[in-house]
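Participant: Quick one, data.cif (mmCIF, C-alpha atoms):
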```
data_my_file
loop_
_atom_site.group_PDB
_atom_site.id
_atom_site.type_symbol
_atom_site.label_atom_id
_atom_site.label_comp_id
_atom_site.auth_asym_id
_atom_site.auth_seq_id
_atom_site.Cartn_x
_atom_site.Cartn_y
_atom_site.Cartn_z
ATOM 1 C CA MET A 1 -68.334 7.610 0.979
ATOM 2 C CA THR A 2 -68.363 8.230 -2.729
ATOM 3 C CA ASP A 3 -64.940 9.552 -3.745
ATOM 4 C CA PRO A 4 -62.174 6.965 -3.254
ATOM 5 C CA THR A 5 -59.516 9.564 -4.068
ATOM 6 C CA SER A 6 -60.383 11.608 -0.992
ATOM 7 C CA SER A 7 -58.667 11.261 2.364
ATOM 8 C CA ASP A 8 -61.985 9.871 3.681
ATOM 9 C CA CYS A 9 -60.849 6.513 2.301
ATOM 10 C CA GLU A 10 -57.654 6.322 4.352
ATOM 11 C CA GLY A 11 -57.217 4.864 7.788
ATOM 12 C CA GLY A 12 -54.967 3.094 10.215
ATOM 13 C CA CYS A 13 -54.344 1.804 13.690
ATOM 14 C CA ALA A 14 -53.914 3.789 16.914
ATOM 15 C CA CYS A 15 -50.101 3.765 16.923
ATOM 16 C CA GLY A 16 -49.734 4.566 13.210
ATOM 17 C CA ALA A 17 -47.745 1.428 12.313
ATOM 18 C CA ILE A 18 -50.461 0.290 9.884
ATOM 19 C CA ARG A 19 -51.944 2.604 7.272
ATOM 20 C CA TYR A 20 -54.371 1.580 4.543
ATOM 21 C CA ARG A 21 -56.473 3.074 1.773
ATOM 22 C CA LEU A 22 -59.777 1.945 0.277
ATOM 23 C CA THR A 23 -59.439 2.175 -3.496
ATOM 24 C CA THR A 24 -63.226 2.315 -4.011
ATOM 25 C CA ALA A 25 -66.203 3.172 -1.883
ATOM 26 C CA PRO A 26 -67.522 0.258 0.216
ATOM 27 C CA MET A 27 -70.282 -1.968 -1.153
ATOM 28 C CA PHE A 28 -72.397 -1.746 1.993
ATOM 29 C CA VAL A 29 -72.017 -0.708 5.648
ATOM 30 C CA HIS A 30 -73.344 -2.753 8.581
ATOM 31 C CA CYS A 31 -73.926 -1.627 12.116
ATOM 32 C CA CYS A 32 -73.967 -4.999 13.881
ATOM 33 C CA HIS A 33 -75.521 -5.290 17.313
ATOM 34 C CA CYS A 34 -74.842 -9.034 17.823
ATOM 35 C CA THR A 35 -73.377 -10.163 21.134
ATOM 36 C CA SER A 36 -70.195 -11.393 19.410
ATOM 37 C CA CYS A 37 -69.503 -7.914 18.002
ATOM 38 C CA GLN A 38 -70.238 -6.401 21.398
ATOM 39 C CA THR A 39 -67.732 -8.750 23.045
ATOM 40 C CA GLU A 40 -65.042 -8.378 20.367
ATOM 41 C CA THR A 41 -65.182 -4.579 20.331
ATOM 42 C CA GLY A 42 -65.963 -3.975 23.993
ATOM 43 C CA SER A 43 -68.711 -1.667 22.754
ATOM 44 C CA ALA A 44 -72.423 -1.649 21.951
ATOM 45 C CA PHE A 45 -71.959 -2.575 18.268
ATOM 46 C CA ALA A 46 -69.459 -2.850 15.431
ATOM 47 C CA LEU A 47 -69.482 -0.697 12.295
ATOM 48 C CA ASN A 48 -68.123 -2.576 9.287
ATOM 49 C CA ALA A 49 -67.766 -1.448 5.677
ATOM 50 C CA MET A 50 -67.915 -4.369 3.258
ATOM 51 C CA ILE A 51 -65.457 -4.036 0.393
ATOM 52 C CA GLU A 52 -63.606 -6.324 -1.952
ATOM 53 C CA GLY A 53 -60.465 -7.556 -0.194
ATOM 54 C CA ASP A 54 -58.201 -6.504 -3.047
ATOM 55 C CA ARG A 55 -59.503 -2.929 -2.716
ATOM 56 C CA VAL A 56 -57.956 -2.520 0.727
ATOM 57 C CA GLU A 57 -54.480 -1.269 -0.139
ATOM 58 C CA LEU A 58 -51.729 -1.273 2.469
ATOM 59 C CA VAL A 59 -49.828 2.007 2.581
ATOM 60 C CA ALA A 60 -47.601 1.213 5.578
ATOM 61 C CA GLY A 61 -46.938 -1.821 7.748
ATOM 62 C CA VAL A 62 -48.182 -5.383 7.646
ATOM 63 C CA PRO A 63 -51.177 -6.421 9.754
ATOM 64 C CA GLN A 64 -51.221 -9.644 11.723
ATOM 65 C CA ALA A 65 -54.004 -12.182 11.039
ATOM 66 C CA VAL A 66 -55.677 -13.468 14.208
ATOM 67 C CA MET A 67 -58.326 -16.213 13.994
ATOM 68 C CA THR A 68 -61.241 -15.880 16.399
ATOM 69 C CA PRO A 69 -64.472 -17.860 16.813
ATOM 70 C CA SER A 70 -67.645 -16.630 15.129
ATOM 71 C CA GLU A 71 -71.325 -17.436 15.549
ATOM 72 C CA SER A 72 -71.321 -19.198 12.171
ATOM 73 C CA GLY A 73 -68.726 -21.667 13.440
ATOM 74 C CA LYS A 74 -66.456 -20.854 10.473
ATOM 75 C CA GLY A 75 -64.306 -18.390 12.383
ATOM 76 C CA GLN A 76 -63.271 -14.858 11.651
ATOM 77 C CA GLU A 77 -59.820 -13.714 10.589
ATOM 78 C CA ILE A 78 -59.184 -10.318 12.175
ATOM 79 C CA MET A 79 -56.378 -8.222 10.719
ATOM 80 C CA ARG A 80 -54.728 -6.403 13.626
ATOM 81 C CA CYS A 81 -51.778 -4.106 14.097
ATOM 82 C CA PRO A 82 -48.965 -6.279 15.526
ATOM 83 C CA GLN A 83 -47.911 -3.392 17.799
ATOM 84 C CA CYS A 84 -51.073 -1.797 19.231
ATOM 85 C CA HIS A 85 -53.403 -4.741 18.358
ATOM 86 C CA VAL A 86 -56.193 -2.563 16.974
ATOM 87 C CA ALA A 87 -58.597 -4.523 14.745
ATOM 88 C CA LEU A 88 -58.535 -2.955 11.271
ATOM 89 C CA TRP A 89 -60.663 -5.325 9.205
ATOM 90 C CA SER A 90 -61.973 -8.894 9.195
ATOM 91 C CA HIS A 91 -62.589 -11.728 6.778
ATOM 92 C CA TYR A 92 -65.520 -14.056 7.482
ATOM 93 C CA GLY A 93 -66.630 -17.544 6.492
ATOM 94 C CA SER A 94 -66.480 -18.823 2.959
ATOM 95 C CA ALA A 95 -65.676 -15.396 1.493
ATOM 96 C CA ARG A 96 -62.355 -15.345 3.340
ATOM 97 C CA ARG A 97 -60.040 -12.686 1.935
ATOM 98 C CA ARG A 98 -62.222 -11.909 -1.079
ATOM 99 C CA ILE A 99 -64.349 -9.621 1.103
ATOM 100 C CA ALA A 100 -63.066 -7.365 3.877
ATOM 101 C CA PHE A 101 -65.166 -5.919 6.679
ATOM 102 C CA VAL A 102 -63.292 -2.693 7.449
ATOM 103 C CA ARG A 103 -63.789 -1.249 10.929
ATOM 104 C CA ILE A 104 -65.239 2.204 10.288
ATOM 105 C CA GLY A 105 -63.636 3.600 13.429
ATOM 106 C CA THR A 106 -60.165 3.038 11.943
ATOM 107 C CA LEU A 107 -60.865 5.404 9.042
ATOM 108 C CA ASP A 108 -59.430 8.898 9.347
ATOM 109 C CA ALA A 109 -62.938 10.246 8.634
ATOM 110 C CA PRO A 110 -65.351 7.650 10.062
ATOM 111 C CA GLY A 111 -68.286 10.026 9.616
ATOM 112 C CA ALA A 112 -67.994 9.490 5.855
ATOM 113 C CA CYS A 113 -69.342 5.922 6.218
ATOM 114 C CA PRO A 114 -72.725 5.944 7.954
ATOM 115 C CA PRO A 115 -74.427 2.550 8.275
ATOM 116 C CA ASP A 116 -76.737 1.395 5.507
ATOM 117 C CA VAL A 117 -78.368 -1.101 7.843
ATOM 118 C CA HIS A 118 -78.526 -2.146 11.501
ATOM 119 C CA ILE A 119 -78.381 -5.916 11.993
ATOM 120 C CA PHE A 120 -78.969 -8.280 14.905
ATOM 121 C CA THR A 121 -81.039 -5.643 16.659
ATOM 122 C CA ARG A 122 -82.595 -8.441 18.745
ATOM 123 C CA SER A 123 -79.495 -8.129 20.952
ATOM 124 C CA LYS A 124 -79.177 -4.334 20.650
ATOM 125 C CA LEU A 125 -78.504 -2.771 24.024
ATOM 126 C CA PRO A 126 -81.711 -1.156 25.289
ATOM 127 C CA TRP A 127 -80.194 2.331 25.569
ATOM 128 C CA VAL A 128 -79.028 2.396 21.935
ATOM 129 C CA VAL A 129 -81.572 4.379 19.948
ATOM 130 C CA LEU A 130 -81.612 3.826 16.198
ATOM 131 C CA PRO A 131 -82.171 6.817 13.928
ATOM 132 C CA GLU A 132 -85.746 7.277 12.785
ATOM 133 C CA GLY A 133 -86.322 5.455 9.507
ATOM 134 C CA ALA A 134 -83.086 3.429 9.731
ATOM 135 C CA ALA A 135 -83.131 0.052 7.990
ATOM 136 C CA ALA A 136 -83.018 -2.493 10.817
ATOM 137 C CA PHE A 137 -83.259 -6.272 11.068
ATOM 138 C CA GLU A 138 -83.597 -8.454 14.170
ATOM 139 C CA GLU A 139 -81.109 -10.900 12.651
ATOM 140 C CA TYR A 140 -79.286 -10.897 9.334
ATOM 141 C CA TYR A 141 -81.153 -10.113 6.118
ATOM 142 C CA ARG A 142 -81.291 -11.103 2.451
ATOM 143 C CA PRO A 143 -78.722 -8.970 0.593
ATOM 144 C CA LYS A 144 -80.746 -9.300 -2.623
ATOM 145 C CA GLU A 145 -83.559 -7.443 -0.881
ATOM 146 C CA ALA A 146 -81.493 -4.784 0.916
ATOM 147 C CA TRP A 147 -78.427 -4.052 -1.213
ATOM 148 C CA PRO A 148 -78.320 -1.761 -4.220
ATOM 149 C CA VAL A 149 -77.956 -3.628 -7.534
ATOM 150 C CA GLU A 150 -74.398 -2.296 -7.992
ATOM 151 C CA ALA A 151 -73.329 -3.695 -4.598
ATOM 152 C CA GLN A 152 -74.835 -7.082 -5.460
ATOM 153 C CA ALA A 153 -72.905 -7.145 -8.745
ATOM 154 C CA ARG A 154 -69.644 -6.220 -7.026
ATOM 155 C CA TYR A 155 -70.112 -8.945 -4.414
ATOM 156 C CA LYS A 156 -70.909 -11.544 -7.049
ATOM 157 C CA ALA A 157 -67.808 -10.563 -9.068
ATOM 158 C CA ALA A 158 -65.596 -10.729 -5.974
ATOM 159 C CA MET A 159 -66.882 -14.200 -5.115
ATOM 160 C CA ALA A 160 -66.466 -15.580 -8.666
#
```
Would you write the structure of this file as C-alpha cells?

Facilitator:
Amino acid sequence: MTDPTSSDCEGGCACGAIRYRLTTAPMFVHCCHCTSCQTETGSAFALNAMIEGDRVELVAGVPQAVMTPSESGKGQEIMRCPQCHVALWSHYGSARRRIAFVRIGTLDAPGACPPDVHIFTRSKLPWVVLPEGAAAFEEYYRPKEAWPVEAQARYKAAMA
C-alpha cells in the first residue's frame, strides 16, 4: 500500500458500524503464525499492518477496547466493534496506543497489504505453504535488520 488517499486505506467491521481510514501507508506488515494469533483469530495466522496509532482515523463509530492475555505477559488491547465484535486493530505491550496493529482482513482492499515478513513460523500449521523467497523467521526478529530505514525512523518517532 503506497497511496494513503486511495480507498485501499479504508476499512471497517462486518456490520459496518465502525469505519476507519489509514492516513499513511503502514510501516511494516506481519503474517504471524504464533499459536496465540491462531487461537485469537480462529485461523492459521494473523495479518497485521503496523502503523502509528494516531494514523488510524475513525470515520464512523467508536470501537470497544478489550484486554486479552498475550505471550509477552503484558496483554493486548484489541479494538473491536461493540456490535459485531470483529477485531479491527490491536495495541501491544509498552507501545500501547502509539502503535496499532491493523487487521489486514478488515481493510476494504486487503490485497493491497501483502506481508513483509512471516513470523513465528515454528508454530506454522504444516499445510500452510509460504511463498518462495518470503522473509520468514521461526520466532520474532530484529526490526533493525528486517525493516526499511524509513519504517525504523517512523517507529522511533512514534515511540518518542

Participant: Could you list, as a list in words, every residue within 9 Å of Leu130 in chain A, counting only C-alpha atoms and ignoring same-chain residues fewer than 4 positions away?

Facilitator: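 Non-adjacent residues within range: His118, Ala134 and Ala136 of chain A.
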
Participant: Would you list the contacts of Thr35 in chain A as a list in words, taking every protein, DNA or RNA residue within 7 Å and counting all atoms listed in the file, but skipping same-chain residues closer than 3 positions in sequence?

Facilitator: Gln38, Thr39 and Ser123 of chain A

Participant: Could you list the residues chosen by the PyMOL selection byres ((chain A and resi 102) around 12) in this structure as JSON, numbers by chain?

Facilitator: {"A": [9, 10, 11, 12, 13, 20, 21, 22, 25, 26, 27, 28, 29, 30, 31, 46, 47, 48, 49, 50, 51, 52, 53, 55, 56, 57, 77, 78, 79, 80, 86, 87, 88, 89, 90, 91, 92, 97, 99, 100, 101, 103, 104, 105, 106, 107, 110, 113]}

Participant: Find the residue from A:Ala60, A:Val128, A:Cys32, A:Ala44 that sits nearest to Arg19 in chain A; use only C-alpha atoms when measuring.

Facilitator: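 That would be A:Ala60, the residue with the smallest distance to Arg19 in chain A.
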
Participant: Work out how far CA of Val59 in chain A is from CA of Ile18 in chain A, in Å to one decimal.

Facilitator: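 Computing the Euclidean distance for CA of Ile18 in chain A and CA of Val59 in chain A yields 7.5 Å.
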
Participant: Have a look at CA of Cys84 in chain A and CA of Cys15 in chain A and let me know their distance in Å, one decimal.

Facilitator: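 Separating CA of Cys84 in chain A from CA of Cys15 in chain A is a distance of 6.1 Å.
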
Participant: Report, in Å with one decimal, the straight-line distance from CA of Leu58 in chain A to CA of Ala158 in chain A.

Facilitator: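 Calculated distance between CA of Leu58 in chain A and CA of Ala158 in chain A is 18.8 Å.
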
Participant: How would you write, as a list in words, the residues chosen by the PyMOL selection byres ((chain A and resi 74) around 12) on this structure?

Facilitator: Met67, Thr68, Pro69, Ser70, Glu71, Ser72, Gly73, Gly75, Gln76, Glu77, His91, Tyr92, Gly93, Ser94, Ala95 and Arg96 of chain A

Participant: Could I see range 108-131 of chain A restored to N, CA and C atoms, set down as a short mmCIF file (atom, residue, chain, number, x, y, z; two decimals), in the frame of the given file?

Facilitator:
```cif
data_model
loop_
_atom_site.label_atom_id
_atom_site.label_comp_id
_atom_site.auth_asym_id
_atom_site.auth_seq_id
_atom_site.Cartn_x
_atom_site.Cartn_y
_atom_site.Cartn_z
N ASP A 108 -59.76 7.55 8.89
CA ASP A 108 -59.43 8.90 9.35
C ASP A 108 -60.69 9.77 9.46
N ALA A 109 -61.68 9.50 8.62
CA ALA A 109 -62.94 10.25 8.63
C ALA A 109 -64.11 9.25 8.75
N PRO A 110 -64.30 8.67 9.93
CA PRO A 110 -65.35 7.65 10.06
C PRO A 110 -66.76 8.16 9.76
N GLY A 111 -66.98 9.45 9.91
CA GLY A 111 -68.29 10.03 9.62
C GLY A 111 -68.67 9.93 8.15
N ALA A 112 -67.72 9.62 7.29
CA ALA A 112 -67.99 9.49 5.86
C ALA A 112 -68.66 8.16 5.51
N CYS A 113 -68.77 7.25 6.48
CA CYS A 113 -69.34 5.92 6.22
C CYS A 113 -70.48 5.60 7.18
N PRO A 114 -71.60 6.28 7.07
CA PRO A 114 -72.72 5.94 7.95
C PRO A 114 -73.28 4.56 7.61
N PRO A 115 -73.90 3.89 8.56
CA PRO A 115 -74.43 2.55 8.28
C PRO A 115 -75.60 2.58 7.30
N ASP A 116 -75.60 1.60 6.41
CA ASP A 116 -76.74 1.40 5.51
C ASP A 116 -77.83 0.61 6.20
N VAL A 117 -77.43 -0.21 7.19
CA VAL A 117 -78.37 -1.10 7.84
C VAL A 117 -77.87 -1.43 9.25
N HIS A 118 -78.82 -1.66 10.15
CA HIS A 118 -78.53 -2.15 11.50
C HIS A 118 -78.97 -3.60 11.54
N ILE A 119 -78.06 -4.49 11.98
CA ILE A 119 -78.38 -5.92 11.99
C ILE A 119 -78.25 -6.48 13.40
N PHE A 120 -78.92 -7.60 13.62
CA PHE A 120 -78.97 -8.28 14.90
C PHE A 120 -79.45 -7.33 16.01
N THR A 121 -80.49 -6.58 15.68
CA THR A 121 -81.04 -5.64 16.66
C THR A 121 -81.75 -6.37 17.80
N ARG A 122 -81.98 -7.68 17.65
CA ARG A 122 -82.60 -8.44 18.74
C ARG A 122 -81.72 -8.39 20.00
N SER A 123 -80.41 -8.20 19.81
CA SER A 123 -79.50 -8.13 20.95
C SER A 123 -78.93 -6.72 21.14
N LYS A 124 -79.57 -5.73 20.49
CA LYS A 124 -79.18 -4.33 20.65
C LYS A 124 -79.35 -3.95 22.12
N LEU A 125 -78.38 -3.23 22.65
CA LEU A 125 -78.50 -2.77 24.02
C LEU A 125 -79.69 -1.82 24.13
N PRO A 126 -80.45 -1.90 25.21
CA PRO A 126 -81.71 -1.16 25.29
C PRO A 126 -81.54 0.36 25.23
N TRP A 127 -80.39 0.88 25.59
CA TRP A 127 -80.19 2.33 25.57
C TRP A 127 -79.67 2.85 24.24
N VAL A 128 -79.42 1.96 23.28
CA VAL A 128 -79.03 2.40 21.94
C VAL A 128 -80.30 2.72 21.17
N VAL A 129 -80.40 3.94 20.69
CA VAL A 129 -81.57 4.38 19.95
C VAL A 129 -81.19 4.50 18.47
N LEU A 130 -81.89 3.77 17.63
CA LEU A 130 -81.61 3.83 16.20
C LEU A 130 -82.24 5.08 15.60
N PRO A 131 -81.60 5.63 14.58
CA PRO A 131 -82.17 6.82 13.93
C PRO A 131 -83.54 6.50 13.33
#
```
